[in-house]
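Q: Questions regarding the structure given below will be posed in turn.
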Amino acid sequence: MARLDIVKNITGLTEWYGKNKRLRSLVNLVVVAGFFDPSKSKDREEAAEIKKMHTLIEKYQLKGHIRWIAAQTDRVRNGELYRCIADTKGAFVQPALYEAFGLTVIEAMNCGLPTFATNQGGPAEIIVDGVSGFHIDPHNGDESGNKIADFFQKCKEDPENWNKISRAGLQRIYECYTWKIYANKVLNMGCVYGFWRQLNKDQKQAKQRYTQLLYNLQFKSLVRNFPISSAEAEQVPKEKPKAQSSHSIKRAQTRLQRLLGSS
């Protein structure tokens, strides 16, 4: 379901499977990723991973145990692949070194597939380990391979175990990751953001008013009394006396006439 990048760790999963004889005796491996021919990839990293896949298949003699399908972009076909694996009581493994969210994890769980996913990133939040799926450590292949083998061994002894994990995975998706839940969260975030923006604006204005008030009461008068050097005093332009307006002169003359007239 992905490119053959190093971070996706598909070659890592193939090596876990090749090394674990118990896992190989219980299930086959289906890989959906990249191209078969490295020359078709324009990315040097992916081309190197494709070559590594061929090397691992030869090294562990996986022919007859592995089915390698090229990466699919058709969503309908991807859904059929998930359901095909679910119908044969298989599982989905997402072994990435790091995954920001994990859309394929949700897709697999929504198709009823018991899912093993990396504990690095988003899938660690999506899956409740041991309840709705399983966390695996991409840096510990032996432990992860044994964890997958233990699950299939338990399912072989008790077929209801597969159904239990499948139902719990579906319930987890219905409770947390439906489009309706996502839409409500987006709307709530929009409302909260709008409220926060207005609140922050009001707080900023209040802070500016408080700062101006503090300056006027405490510091403005101190500035007037602050001593300055004679050189700086010369540079400060002296205020010119304000010319009295004609209106002020007329008012003064009127007052003087009243005083003289009353004497």
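If you're wondering about the labels, chains in the structure tokens are A, B, ... by order shown, residues count from 1 in each chain, ligands from 1 in order shown.
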Find the residues around A:Tyr17 up to 9 Å (only C-alpha atoms counted), leave out those fewer than 4 positions away in its own chain, and share them as a ChimeraX atom specification.

A: /A:12-13,21,23-24,28-29,141,145

Q: Please produce a file of the residues just selected, as a PDB file, in the first residue's frame, where the atoms kept are N, CA, C and O atoms.

A:
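Okay, this is what ended up in out21.pdb:
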```pdb
ATOM      1  N   GLY A  12      12.250  -4.456   5.972  1.00  0.00           N
ATOM      2  CA  GLY A  12      12.414  -4.929   7.348  1.00  0.00           C
ATOM      3  C   GLY A  12      11.410  -6.007   7.688  1.00  0.00           C
ATOM      4  O   GLY A  12      11.753  -7.038   8.285  1.00  0.00           O
ATOM      5  N   LEU A  13      10.148  -5.800   7.307  1.00  0.00           N
ATOM      6  CA  LEU A  13       9.100  -6.792   7.535  1.00  0.00           C
ATOM      7  C   LEU A  13       9.426  -8.094   6.808  1.00  0.00           C
ATOM      8  O   LEU A  13       9.248  -9.198   7.365  1.00  0.00           O
ATOM      9  N   LYS A  21      11.031 -18.820  11.480  1.00  0.00           N
ATOM     10  CA  LYS A  21      10.542 -20.079  10.909  1.00  0.00           C
ATOM     11  C   LYS A  21       9.141 -20.415  11.403  1.00  0.00           C
ATOM     12  O   LYS A  21       8.326 -20.976  10.651  1.00  0.00           O
ATOM     13  N   LEU A  23       6.751 -18.279  12.196  1.00  0.00           N
ATOM     14  CA  LEU A  23       5.816 -17.423  11.481  1.00  0.00           C
ATOM     15  C   LEU A  23       5.612 -17.918  10.051  1.00  0.00           C
ATOM     16  O   LEU A  23       4.486 -17.948   9.542  1.00  0.00           O
ATOM     17  N   ARG A  24       6.686 -18.370   9.412  1.00  0.00           N
ATOM     18  CA  ARG A  24       6.597 -18.877   8.042  1.00  0.00           C
ATOM     19  C   ARG A  24       5.760 -20.142   7.958  1.00  0.00           C
ATOM     20  O   ARG A  24       5.092 -20.398   6.950  1.00  0.00           O
ATOM     21  N   ASN A  28       1.536 -17.066   5.097  1.00  0.00           N
ATOM     22  CA  ASN A  28       2.320 -16.522   3.990  1.00  0.00           C
ATOM     23  C   ASN A  28       2.361 -14.993   4.105  1.00  0.00           C
ATOM     24  O   ASN A  28       1.585 -14.387   4.850  1.00  0.00           O
ATOM     25  N   LEU A  29       3.251 -14.384   3.342  1.00  0.00           N
ATOM     26  CA  LEU A  29       3.412 -12.929   3.378  1.00  0.00           C
ATOM     27  C   LEU A  29       2.973 -12.334   2.041  1.00  0.00           C
ATOM     28  O   LEU A  29       3.413 -12.770   0.979  1.00  0.00           O
ATOM     29  N   GLY A 141      13.041  -6.469  15.344  1.00  0.00           N
ATOM     30  CA  GLY A 141      12.379  -7.386  14.420  1.00  0.00           C
ATOM     31  C   GLY A 141      12.055  -8.744  15.012  1.00  0.00           C
ATOM     32  O   GLY A 141      11.005  -9.319  14.727  1.00  0.00           O
ATOM     33  N   GLY A 145       8.321 -10.080  15.109  1.00  0.00           N
ATOM     34  CA  GLY A 145       7.995 -11.307  14.388  1.00  0.00           C
ATOM     35  C   GLY A 145       7.355 -12.334  15.308  1.00  0.00           C
ATOM     36  O   GLY A 145       6.377 -13.007  14.928  1.00  0.00           O
TER      37      GLY A 145
END
```

Q: Using only C-alpha atoms, what table do you get, as a tab-separated table, when you list each residue of stretch 82-149 of chain A with an atom no more than 10 Å from stretch 160-171 of chain A, its nearest pair of atoms, and their distance in Å rounded to one decimal, rows by chain then rising number?

A:
```
residue	atom	partner	partner_atom	distance
A:Ala86	CA	A:Ser166	CA	9.1
A:Lys89	CA	A:Trp162	CA	7.2
A:Gly90	CA	A:Trp162	CA	8.7
A:Ala91	CA	A:Trp162	CA	9.0
A:Ile106	CA	A:Gly169	CA	8.9
A:Ala108	CA	A:Gly169	CA	9.1
A:Met109	CA	A:Gly169	CA	5.4
A:Asn110	CA	A:Leu170	CA	5.5
A:Cys111	CA	A:Leu170	CA	7.7
A:Gly112	CA	A:Ser166	CA	4.9
A:Leu113	CA	A:Ser166	CA	5.7
A:Pro114	CA	A:Ser166	CA	5.1
A:Thr115	CA	A:Gly169	CA	8.0
A:Ile126	CA	A:Gly169	CA	9.6
A:Ile127	CA	A:Gly169	CA	7.8
A:Val128	CA	A:Gly169	CA	8.8
A:Gly130	CA	A:Ile165	CA	8.2
A:Val131	CA	A:Ala168	CA	6.5
A:Ser132	CA	A:Gly169	CA	4.3
A:Gly133	CA	A:Ile165	CA	6.4
A:Phe134	CA	A:Ile165	CA	9.4
```

Q: Measuring between only C-alpha atoms, which one of A:Tyr182, A:Tyr215, A:Trp68, A:Tyr177 shows the shortest distance to A:Leu103?

A: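 Using only C-alpha atoms, A:Leu103 sits closest to A:Tyr177.
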
Q: Contacts of A:Gly79 at 10 Å or less, counting only C-alpha atoms, minus same-chain residues fewer than 3 places along, as JSON, numbers by chain?

A: {"A": [74, 75, 76, 82, 83, 84, 107, 108, 110, 111]}

Q: Please produce a file of those selected residues containing N, CA and C atoms, as a CSV table (one decimal), in the first residue's frame.

A:
```csv
chain,number,residue,atom,x,y,z
A,74,ASP,N,-5.6,2.5,-7.0
A,74,ASP,CA,-7.1,2.4,-7.1
A,74,ASP,C,-7.7,2.1,-5.8
A,75,ARG,N,-8.5,3.0,-5.2
A,75,ARG,CA,-9.1,2.8,-3.9
A,75,ARG,C,-10.0,1.6,-3.8
A,76,VAL,N,-10.7,1.4,-4.9
A,76,VAL,CA,-11.6,0.2,-4.9
A,76,VAL,C,-10.8,-1.1,-4.8
A,82,TYR,N,-7.8,-5.6,1.0
A,82,TYR,CA,-8.1,-5.7,2.5
A,82,TYR,C,-9.1,-6.8,2.8
A,83,ARG,N,-10.2,-6.8,2.0
A,83,ARG,CA,-11.2,-7.8,2.3
A,83,ARG,C,-10.8,-9.2,1.9
A,84,CYS,N,-10.0,-9.3,0.9
A,84,CYS,CA,-9.5,-10.7,0.5
A,84,CYS,C,-8.6,-11.3,1.6
A,107,GLU,N,-7.8,2.1,7.5
A,107,GLU,CA,-8.5,1.4,6.4
A,107,GLU,C,-8.5,-0.1,6.7
A,108,ALA,N,-7.4,-0.7,7.1
A,108,ALA,CA,-7.4,-2.1,7.4
A,108,ALA,C,-8.3,-2.5,8.6
A,110,ASN,N,-10.9,-0.9,9.5
A,110,ASN,CA,-12.3,-0.6,9.1
A,110,ASN,C,-12.8,-1.8,8.2
A,111,CYS,N,-11.9,-2.6,7.6
A,111,CYS,CA,-12.3,-3.8,6.9
A,111,CYS,C,-12.3,-5.0,7.7
```

Q: Hey, which of A:Phe35, A:Phe116, A:Phe152, A:Phe101 ends up closest to A:Asp137? Count only C-alpha atoms.

A: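 That would be A:Phe116, the residue with the smallest distance to A:Asp137.
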
Q: Could you check how far atom CA of A:Thr14 sits from atom CA of A:Val31, in Å to one decimal?

A: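 According to the coordinates, atom CA of A:Thr14 and atom CA of A:Val31 are separated by 8.4 Å.
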
Q: At what distance in Å, to one decimal, does atom CA of A:Glu99 lie from atom CA of A:Gly122?

A: 6.1 Å

Q: Enumerate, as a count of residues only, the complete set of residues in stretch 85-181 of chain A that a backbone-based DSSP assignment places in strand (DSSP E or B).

A: 14

Q: Using only C-alpha atoms for the distances, tell me which of A:Gln120, A:Asn146, A:Thr104, A:Gln212 is nearest to A:Asn20.

A: A:Asn146

Q: Let's see if you can do this: from backbone DSSP, list all helix (DSSP H, G or I) residues in stretch 3-148 of chain A, as a PyMOL selection string.

A: chain A and resi 10-19+21-26+38-40+44-59+75-87+103-110+123-126+141-148

Q: By how many Å are atom CA of A:Asn188 and atom CA of A:Gly102 apart?

A: 22.9 Å

Q: Which residues are close to A:Pro95, i.e. within 6 Å by only C-alpha atoms, leaving aside same-chain residues fewer than 4 positions away? Reply as a list of chain:residue names.

A: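 So the residues in contact are A:Asn9, A:Ala117, A:Thr118, A:Pro138.
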
Q: Name the residues in contact with A:Ile50 at a cut-off of 8 Å, using only C-alpha atoms, excluding same-chain residues fewer than 2 positions from it; report them as JSON, numbers by chain.

A: {"A": [4, 34, 35, 36, 37, 38, 46, 47, 48, 52, 53, 54]}

Q: Check the smallest atom-to-atom distance from each of A:Leu62, A:Ala124, A:Met189, A:Val27 to A:Gln94 using only C-alpha atoms, then report the winner.

A: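 Closest candidate: A:Ala124.
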
Q: Do you know which residues are at most 9 Å from A:Gln72 counting only C-alpha atoms, after dropping those on the same chain fewer than 2 positions away, and could you put them as a PyMOL selection string?

A: chain A and resi 1-2+32-34+69-70+74-75+77-78

Q: Create the file for the chosen residues now, containing N, CA and C atoms and written as a PDB file, in the first residue's frame.

A:
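Produced file selection15.pdb, reproduced below:
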```pdb
ATOM      1  N   MET A   1       0.820  -1.203   0.000  1.00  0.00           N
ATOM      2  CA  MET A   1       0.000   0.000   0.000  1.00  0.00           C
ATOM      3  C   MET A   1       0.863   1.267   0.000  1.00  0.00           C
ATOM      4  N   ALA A   2       2.172   1.091  -0.267  1.00  0.00           N
ATOM      5  CA  ALA A   2       3.056   2.253  -0.134  1.00  0.00           C
ATOM      6  C   ALA A   2       4.249   2.139  -1.074  1.00  0.00           C
ATOM      7  N   VAL A  32       2.345  -5.351  -0.600  1.00  0.00           N
ATOM      8  CA  VAL A  32       1.776  -4.460  -1.611  1.00  0.00           C
ATOM      9  C   VAL A  32       2.567  -3.157  -1.539  1.00  0.00           C
ATOM     10  N   ALA A  33       3.564  -3.029  -2.412  1.00  0.00           N
ATOM     11  CA  ALA A  33       4.441  -1.848  -2.341  1.00  0.00           C
ATOM     12  C   ALA A  33       5.338  -1.747  -3.562  1.00  0.00           C
ATOM     13  N   GLY A  34       5.626  -0.517  -3.959  1.00  0.00           N
ATOM     14  CA  GLY A  34       6.641  -0.231  -4.969  1.00  0.00           C
ATOM     15  C   GLY A  34       6.430  -0.884  -6.318  1.00  0.00           C
ATOM     16  N   ILE A  69       2.871  -7.712  -4.653  1.00  0.00           N
ATOM     17  CA  ILE A  69       1.963  -6.986  -5.541  1.00  0.00           C
ATOM     18  C   ILE A  69       2.430  -5.536  -5.614  1.00  0.00           C
ATOM     19  N   ALA A  70       2.472  -4.987  -6.808  1.00  0.00           N
ATOM     20  CA  ALA A  70       2.898  -3.593  -6.973  1.00  0.00           C
ATOM     21  C   ALA A  70       1.943  -2.654  -6.249  1.00  0.00           C
ATOM     22  N   ASP A  74      -5.643   2.535  -6.986  1.00  0.00           N
ATOM     23  CA  ASP A  74      -7.097   2.410  -7.123  1.00  0.00           C
ATOM     24  C   ASP A  74      -7.696   2.085  -5.754  1.00  0.00           C
ATOM     25  N   ARG A  75      -8.502   2.976  -5.206  1.00  0.00           N
ATOM     26  CA  ARG A  75      -9.061   2.782  -3.871  1.00  0.00           C
ATOM     27  C   ARG A  75      -9.988   1.571  -3.801  1.00  0.00           C
ATOM     28  N   ARG A  77      -9.750  -1.154  -5.611  1.00  0.00           N
ATOM     29  CA  ARG A  77      -8.907  -2.350  -5.608  1.00  0.00           C
ATOM     30  C   ARG A  77      -8.238  -2.528  -4.246  1.00  0.00           C
ATOM     31  N   ASN A  78      -7.825  -1.427  -3.619  1.00  0.00           N
ATOM     32  CA  ASN A  78      -7.233  -1.523  -2.290  1.00  0.00           C
ATOM     33  C   ASN A  78      -8.222  -2.109  -1.289  1.00  0.00           C
TER      34      ASN A  78
END
```

Q: Using only C-alpha atoms, which of A:Trp16, A:Asn216, A:Thr73, A:Gln61 sits nearest A:Ile136?

A: A:Trp16

Q: Given only C-alpha atoms as the basis, pick out the residue of A:Arg172, A:Arg3, A:Lys51, A:Arg22 nearest to A:Lys147.

A: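 That would be A:Arg22, the residue with the smallest distance to A:Lys147.
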